[in-house]
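Single-structure report; data block below.
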Amino acid sequence: MAPIGAGAGAPHSRIMGVGAYRPSRIVPNSEVVDAIDSSDEWIQQRSGIKQRRFATDEETIQMMSVASSRIAIERAGITPDQIDCVLVATVSHLLQTPAIAPAIATELGTEHAAAFDISAACAGFCHGVALGSDMVRGGSARHVLVIGVERLSDITDMTDRGTAFIFADGAGAVVIGPSQTPGIGPVVWGSDGEQYDLIRQREDWRDVVGSDDSPGSGVMPHLTMQGNPVFRWASFTMAKVALEALDAAGVTAADLDVFVPHQANMRIIDAMARSMKLPEHVRIARDVAEQGNTSAASVPLALDRMIEEGDARSGDTALLIAFGAGLAYAAQVVTVP
Ligand code: UT7
């Protein structure tokens, strides 16, 4: 048996830079209420959402990804040719194959970086941070670009009362690289396929196209969500997962400076913070009010806003958690770059 070289990774990993792209078109609640017989007041009360942003035709998945990544790469102090792997978390790239990641890696000017998409819905970005961190420590990449990007407006039925006012578009990116001290804690992640149907694409492509036996629907297979069960699962089960991520990193809620949960609903964010008994001094991301629920993009967008507004400072200890369709979830403690 020939001995196989083990390869050498960095002692630890860290987030080196964060970037974001927010689409140009702001869509206030007043623009979505008529089609769903709702009101600005109901939407704000039940979700905390005041407005969201929808991408224009030019603001494609690739364009928004590249724009947010260029900022993250510049802030990380590296150049695109130093990126060894590009991970793109998304559920709204409308081509079944190939993944969008290779096109983004090439436009950015990486030198043939490994590139693939992650399908873990709203939890995809935190899955990407976990994978990127392990790659850097395992030696399969020195720098990993992790992007969360969505154009949910393309796959949302604007007449569906349960989803039309929630989902939105945008992109956020981080560069993960080597570190002498731990900058990304162990991931706590998992899934629950017993709740597979709570958030899902309404039907698969065969049902859209049809067959000899049955005609297809011929309409875009939009996202569907049973909001209330998801709400209860997120508010209670996810608070426990968040506390497990603190434990895994060897920190307590008192050590935290910043909490960046998935931006699904302001009431879920508040319920989690209460249930975790977060101390007053912990600053909490509330990007959902301005941005809506951008699925895989929500955590990096929210982190970026906190950094931009001075609520998250370099060296701060932050807890990230994201959860959604699958159901899938992932959480980790990170140091703010
Ligand atoms: O990102 C992936 C993870 N996603 C989430 O975490 C989202 C989780 N879910 C939610 O955020 C919430 O469930 C929603 C914001 C979607 C809905 O809030 P809710 O408090 O769960 O409302 P509900 O579905 O229980 O409906 C309450 C009432 C119902 O009326 P009755 O039966 O009490 O008379 C609905 O018919 O609100 C009514 N309703 C609406 N009214 C005005 C439902 N949708 C609407 C609407 N506008 N759009």
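Residue names in the structure tokens use chain letters A, B, ... in the order shown, residue numbers from 1 in each chain, and ligand numbers from 1 in the order shown.
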Inset, instruction - Just the residues within 9 Å of Gly227 of chain A, please, counting only C-alpha atoms, with nothing from its chain fewer than 5 positions along; format it as a PyMOL selection string. - result: chain A and resi 162-163+198-199+232
Inset, instruction - Around ligand 1, at most 6 Å away and counting only C-alpha atoms and all ligand atoms, which residues are there? Put them as a list in words, please. - result: Ile36, Ser38, Trp42, Arg46, Ser47, Cys122, Arg161, Gly162, Gly227, Asn228, Val230, Phe231, Ala234, Ala264, Asn265, Ser295 and Gly324 of chain A
Print the selection's residues with N, CA and C atoms to a file, as an mmCIF file, in the first residue's frame.
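Written out: selection18.cif:
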data_model
loop_
_atom_site.group_PDB
_atom_site.id
_atom_site.type_symbol
_atom_site.label_atom_id
_atom_site.label_comp_id
_atom_site.auth_asym_id
_atom_site.auth_seq_id
_atom_site.Cartn_x
_atom_site.Cartn_y
_atom_site.Cartn_z
ATOM 1 N N ILE A 36 -53.151 40.306 -2.547
ATOM 2 C CA ILE A 36 -53.332 39.278 -1.511
ATOM 3 C C ILE A 36 -54.344 39.717 -0.444
ATOM 4 N N SER A 38 -54.477 42.162 1.692
ATOM 5 C CA SER A 38 -53.774 42.352 2.966
ATOM 6 C C SER A 38 -53.639 43.847 3.231
ATOM 7 N N TRP A 42 -51.087 44.834 8.703
ATOM 8 C CA TRP A 42 -51.039 43.391 8.983
ATOM 9 C C TRP A 42 -49.630 42.858 8.734
ATOM 10 N N ARG A 46 -47.362 41.228 11.663
ATOM 11 C CA ARG A 46 -47.106 39.781 11.655
ATOM 12 C C ARG A 46 -45.686 39.404 11.271
ATOM 13 N N SER A 47 -44.988 40.307 10.567
ATOM 14 C CA SER A 47 -43.657 39.925 10.081
ATOM 15 C C SER A 47 -42.579 40.977 10.347
ATOM 16 N N CYS A 122 -32.810 28.463 2.831
ATOM 17 C CA CYS A 122 -32.430 29.607 3.675
ATOM 18 C C CYS A 122 -31.213 29.293 4.532
ATOM 19 N N ARG A 161 -51.183 34.578 -0.424
ATOM 20 C CA ARG A 161 -51.167 35.369 0.824
ATOM 21 C C ARG A 161 -50.052 34.947 1.775
ATOM 22 N N GLY A 162 -49.631 33.691 1.692
ATOM 23 C CA GLY A 162 -48.656 33.170 2.649
ATOM 24 C C GLY A 162 -47.211 33.495 2.323
ATOM 25 N N GLY A 227 -46.834 28.615 6.659
ATOM 26 C CA GLY A 227 -46.105 29.578 7.498
ATOM 27 C C GLY A 227 -46.157 29.298 8.988
ATOM 28 N N ASN A 228 -47.346 28.952 9.496
ATOM 29 C CA ASN A 228 -47.467 28.861 10.953
ATOM 30 C C ASN A 228 -46.648 27.727 11.583
ATOM 31 N N VAL A 230 -43.963 26.442 10.385
ATOM 32 C CA VAL A 230 -42.557 26.843 10.239
ATOM 33 C C VAL A 230 -42.213 27.880 11.301
ATOM 34 N N PHE A 231 -43.144 28.795 11.521
ATOM 35 C CA PHE A 231 -42.966 29.850 12.527
ATOM 36 C C PHE A 231 -42.698 29.239 13.901
ATOM 37 N N ALA A 234 -39.327 27.362 13.989
ATOM 38 C CA ALA A 234 -38.202 28.303 13.986
ATOM 39 C C ALA A 234 -38.056 28.980 15.351
ATOM 40 N N ALA A 264 -36.254 35.996 8.636
ATOM 41 C CA ALA A 264 -37.504 35.458 8.099
ATOM 42 C C ALA A 264 -38.692 36.271 8.573
ATOM 43 N N ASN A 265 -38.637 36.692 9.839
ATOM 44 C CA ASN A 265 -39.798 37.345 10.447
ATOM 45 C C ASN A 265 -39.311 37.973 11.756
ATOM 46 N N SER A 295 -33.877 34.521 1.910
ATOM 47 C CA SER A 295 -33.422 33.126 1.955
ATOM 48 C C SER A 295 -31.912 33.047 2.154
ATOM 49 N N GLY A 324 -34.529 26.757 7.168
ATOM 50 C CA GLY A 324 -35.574 26.878 6.155
ATOM 51 C C GLY A 324 -35.919 25.546 5.525
#
Inset, instruction - Do a neighbour search on segment 52-65 of chain A at 6 Å with only C-alpha atoms, toss out local chain neighbours closer than 4 positions, and write the hits as a list in words. - result: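 Contacts, with the query itself left out: Tyr21, Pro23, Arg25, Ile26, Val27, Ser69, Ile104, Ala168, Asp169, Ala171, Glu290, Gln291 and Gly292 of chain A.
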Legend entry - Contacts of Ser235 of chain A at 9 Å (only C-alpha atoms; same-chain gap of 6+ positions) as a VMD selection string: chain A and resid 267 to 272 275
Can you write out the residues you just picked, keeping all heavy atoms, as a tab-separated table (two decimals), in the first residue's frame?
chain	number	residue	atom	x	y	z
A	267	ARG	N	-40.87	38.65	14.39
A	267	ARG	CA	-41.39	37.97	15.59
A	267	ARG	C	-40.59	36.72	15.90
A	267	ARG	O	-40.42	36.36	17.08
A	267	ARG	CB	-42.88	37.63	15.40
A	267	ARG	CG	-43.77	38.87	15.52
A	267	ARG	CD	-45.12	38.64	14.86
A	267	ARG	NE	-45.83	37.52	15.42
A	267	ARG	CZ	-46.57	36.65	14.70
A	267	ARG	NH1	-46.68	36.78	13.39
A	267	ARG	NH2	-47.21	35.68	15.30
A	268	ILE	N	-40.08	36.02	14.87
A	268	ILE	CA	-39.22	34.86	15.12
A	268	ILE	C	-37.91	35.32	15.76
A	268	ILE	O	-37.41	34.72	16.72
A	268	ILE	CB	-38.92	34.08	13.81
A	268	ILE	CG1	-40.21	33.50	13.23
A	268	ILE	CG2	-37.89	32.98	14.05
A	268	ILE	CD1	-40.04	32.79	11.89
A	269	ILE	N	-37.36	36.41	15.25
A	269	ILE	CA	-36.10	36.95	15.78
A	269	ILE	C	-36.27	37.29	17.26
A	269	ILE	O	-35.45	36.91	18.11
A	269	ILE	CB	-35.65	38.20	14.96
A	269	ILE	CG1	-35.34	37.79	13.51
A	269	ILE	CG2	-34.46	38.88	15.62
A	269	ILE	CD1	-35.13	38.96	12.56
A	270	ASP	N	-37.38	37.97	17.60
A	270	ASP	CA	-37.64	38.34	19.00
A	270	ASP	C	-37.86	37.12	19.87
A	270	ASP	O	-37.37	37.04	20.99
A	270	ASP	CB	-38.85	39.28	19.08
A	270	ASP	CG	-38.53	40.67	18.52
A	270	ASP	OD1	-37.35	41.05	18.56
A	270	ASP	OD2	-39.46	41.35	18.05
A	271	ALA	N	-38.63	36.14	19.34
A	271	ALA	CA	-38.91	34.92	20.12
A	271	ALA	C	-37.61	34.15	20.40
A	271	ALA	O	-37.42	33.65	21.52
A	271	ALA	CB	-39.90	34.03	19.37
A	272	MET	N	-36.74	34.08	19.42
A	272	MET	CA	-35.46	33.38	19.63
A	272	MET	C	-34.63	34.09	20.69
A	272	MET	O	-34.07	33.45	21.59
A	272	MET	CB	-34.67	33.32	18.32
A	272	MET	CG	-35.21	32.32	17.32
A	272	MET	SD	-34.18	32.27	15.84
A	272	MET	CE	-32.82	31.31	16.43
A	275	SER	N	-36.14	33.40	24.10
A	275	SER	CA	-35.97	32.01	24.49
A	275	SER	C	-34.50	31.70	24.83
A	275	SER	O	-34.20	30.90	25.70
A	275	SER	CB	-36.52	31.20	23.33
A	275	SER	OG	-36.32	29.94	23.37
Legend entry - Residues of segment 115-226 of chain A in strand (DSSP E), written as a PyMOL selection string: chain A and resi 115-118+144-151+169-179+188-191+199-201+223-225
Going by DSSP on the backbone, which bits of segment 176-220 of chain A are alpha helix (DSSP H)? Write them as an mmCIF file with N, CA, C and O atoms, in the first residue's frame, please.
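Dumped everything to part-v1.cif:
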data_model
loop_
_atom_site.group_PDB
_atom_site.id
_atom_site.type_symbol
_atom_site.label_atom_id
_atom_site.label_comp_id
_atom_site.auth_asym_id
_atom_site.auth_seq_id
_atom_site.Cartn_x
_atom_site.Cartn_y
_atom_site.Cartn_z
ATOM 1 N N TRP A 205 -40.644 19.580 -12.286
ATOM 2 C CA TRP A 205 -40.687 20.018 -13.688
ATOM 3 C C TRP A 205 -41.547 19.104 -14.547
ATOM 4 O O TRP A 205 -42.175 19.535 -15.504
ATOM 5 N N ARG A 206 -41.597 17.785 -14.217
ATOM 6 C CA ARG A 206 -42.431 16.872 -15.017
ATOM 7 C C ARG A 206 -43.906 17.247 -14.918
ATOM 8 O O ARG A 206 -44.648 17.140 -15.882
ATOM 9 N N ASP A 207 -44.329 17.703 -13.717
ATOM 10 C CA ASP A 207 -45.732 18.105 -13.566
ATOM 11 C C ASP A 207 -46.024 19.396 -14.343
ATOM 12 O O ASP A 207 -47.158 19.658 -14.736
ATOM 13 N N VAL A 208 -45.001 20.201 -14.514
ATOM 14 C CA VAL A 208 -45.184 21.449 -15.271
ATOM 15 C C VAL A 208 -45.308 21.129 -16.762
ATOM 16 O O VAL A 208 -46.198 21.621 -17.456
ATOM 17 N N VAL A 209 -44.423 20.258 -17.231
ATOM 18 C CA VAL A 209 -44.365 19.964 -18.667
ATOM 19 C C VAL A 209 -45.489 19.004 -19.085
ATOM 20 O O VAL A 209 -46.037 19.104 -20.173
#
Inset, instruction - Compile the contact shell of Ala328 of chain A as a list in words: residues with an atom at most 6 Å away, counting only C-alpha atoms, same-chain residues fewer than 5 positions apart removed. - result: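 Neighbouring residues, sequence-local ones excluded: Gly190, Ser191 and Phe323 of chain A.
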Inset, instruction - Could you please determine the separation between atom CA of Arg305 of chain A and atom CA of Arg286 of chain A in Å, to one decimal place? - result: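 Straight-line distance from atom CA of Arg305 of chain A to atom CA of Arg286 of chain A works out to 9.2 Å.
Every protein, DNA or RNA residue with an atom at most 9 Å from Val144 of chain A, where only C-alpha atoms count and chain neighbours fewer than 4 positions away do not, is listed here: Gln82, Ile83, Asp84, Cys85, Val86, Leu87, Val129, Gly132, Ser133, Met135, Val136, Val174, Val175, Ile176 and Gly177 of chain A.
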Let me see the file: selected residues, N, CA, C and O atoms, as a short mmCIF file (atom, residue, chain, number, x, y, z; two decimals), in the first residue's frame.
data_model
loop_
_atom_site.label_atom_id
_atom_site.label_comp_id
_atom_site.auth_asym_id
_atom_site.auth_seq_id
_atom_site.Cartn_x
_atom_site.Cartn_y
_atom_site.Cartn_z
N GLN A 82 -6.59 34.35 -5.91
CA GLN A 82 -6.23 33.64 -4.68
C GLN A 82 -7.39 32.78 -4.14
O GLN A 82 -7.24 32.10 -3.13
N ILE A 83 -8.55 32.88 -4.81
CA ILE A 83 -9.71 32.09 -4.38
C ILE A 83 -9.61 30.69 -4.99
O ILE A 83 -9.50 30.54 -6.20
N ASP A 84 -9.68 29.67 -4.14
CA ASP A 84 -9.56 28.28 -4.63
C ASP A 84 -10.91 27.61 -4.80
O ASP A 84 -11.00 26.58 -5.47
N CYS A 85 -11.93 28.15 -4.16
CA CYS A 85 -13.24 27.51 -4.26
C CYS A 85 -14.35 28.56 -4.12
O CYS A 85 -14.25 29.46 -3.28
N VAL A 86 -15.37 28.46 -4.94
CA VAL A 86 -16.54 29.35 -4.88
C VAL A 86 -17.77 28.50 -4.58
O VAL A 86 -18.10 27.58 -5.34
N LEU A 87 -18.42 28.78 -3.45
CA LEU A 87 -19.64 28.06 -3.05
C LEU A 87 -20.81 29.03 -3.16
O LEU A 87 -20.76 30.11 -2.58
N VAL A 129 -20.53 28.44 4.99
CA VAL A 129 -19.49 28.90 5.94
C VAL A 129 -18.85 27.68 6.62
O VAL A 129 -17.63 27.61 6.78
N GLY A 132 -16.68 25.90 3.95
CA GLY A 132 -15.50 26.72 3.65
C GLY A 132 -14.48 26.66 4.77
O GLY A 132 -13.27 26.52 4.53
N SER A 133 -14.96 26.74 5.99
CA SER A 133 -14.07 26.68 7.15
C SER A 133 -13.33 25.34 7.20
O SER A 133 -12.12 25.29 7.40
N MET A 135 -12.76 23.34 4.68
CA MET A 135 -11.84 23.24 3.54
C MET A 135 -10.51 23.93 3.86
O MET A 135 -9.44 23.41 3.56
N VAL A 136 -10.60 25.12 4.45
CA VAL A 136 -9.39 25.88 4.77
C VAL A 136 -8.57 25.12 5.80
O VAL A 136 -7.34 25.03 5.70
N VAL A 174 -18.97 36.27 1.60
CA VAL A 174 -17.83 36.37 2.52
C VAL A 174 -16.65 35.60 1.93
O VAL A 174 -16.84 34.64 1.19
N VAL A 175 -15.45 36.04 2.31
CA VAL A 175 -14.24 35.27 2.01
C VAL A 175 -13.79 34.61 3.29
O VAL A 175 -13.68 35.27 4.33
N ILE A 176 -13.55 33.29 3.22
CA ILE A 176 -13.04 32.55 4.37
C ILE A 176 -11.59 32.16 4.07
O ILE A 176 -11.28 31.69 2.96
N GLY A 177 -10.71 32.40 5.03
CA GLY A 177 -9.29 32.10 4.81
C GLY A 177 -8.61 31.64 6.08
O GLY A 177 -9.25 31.46 7.12
#
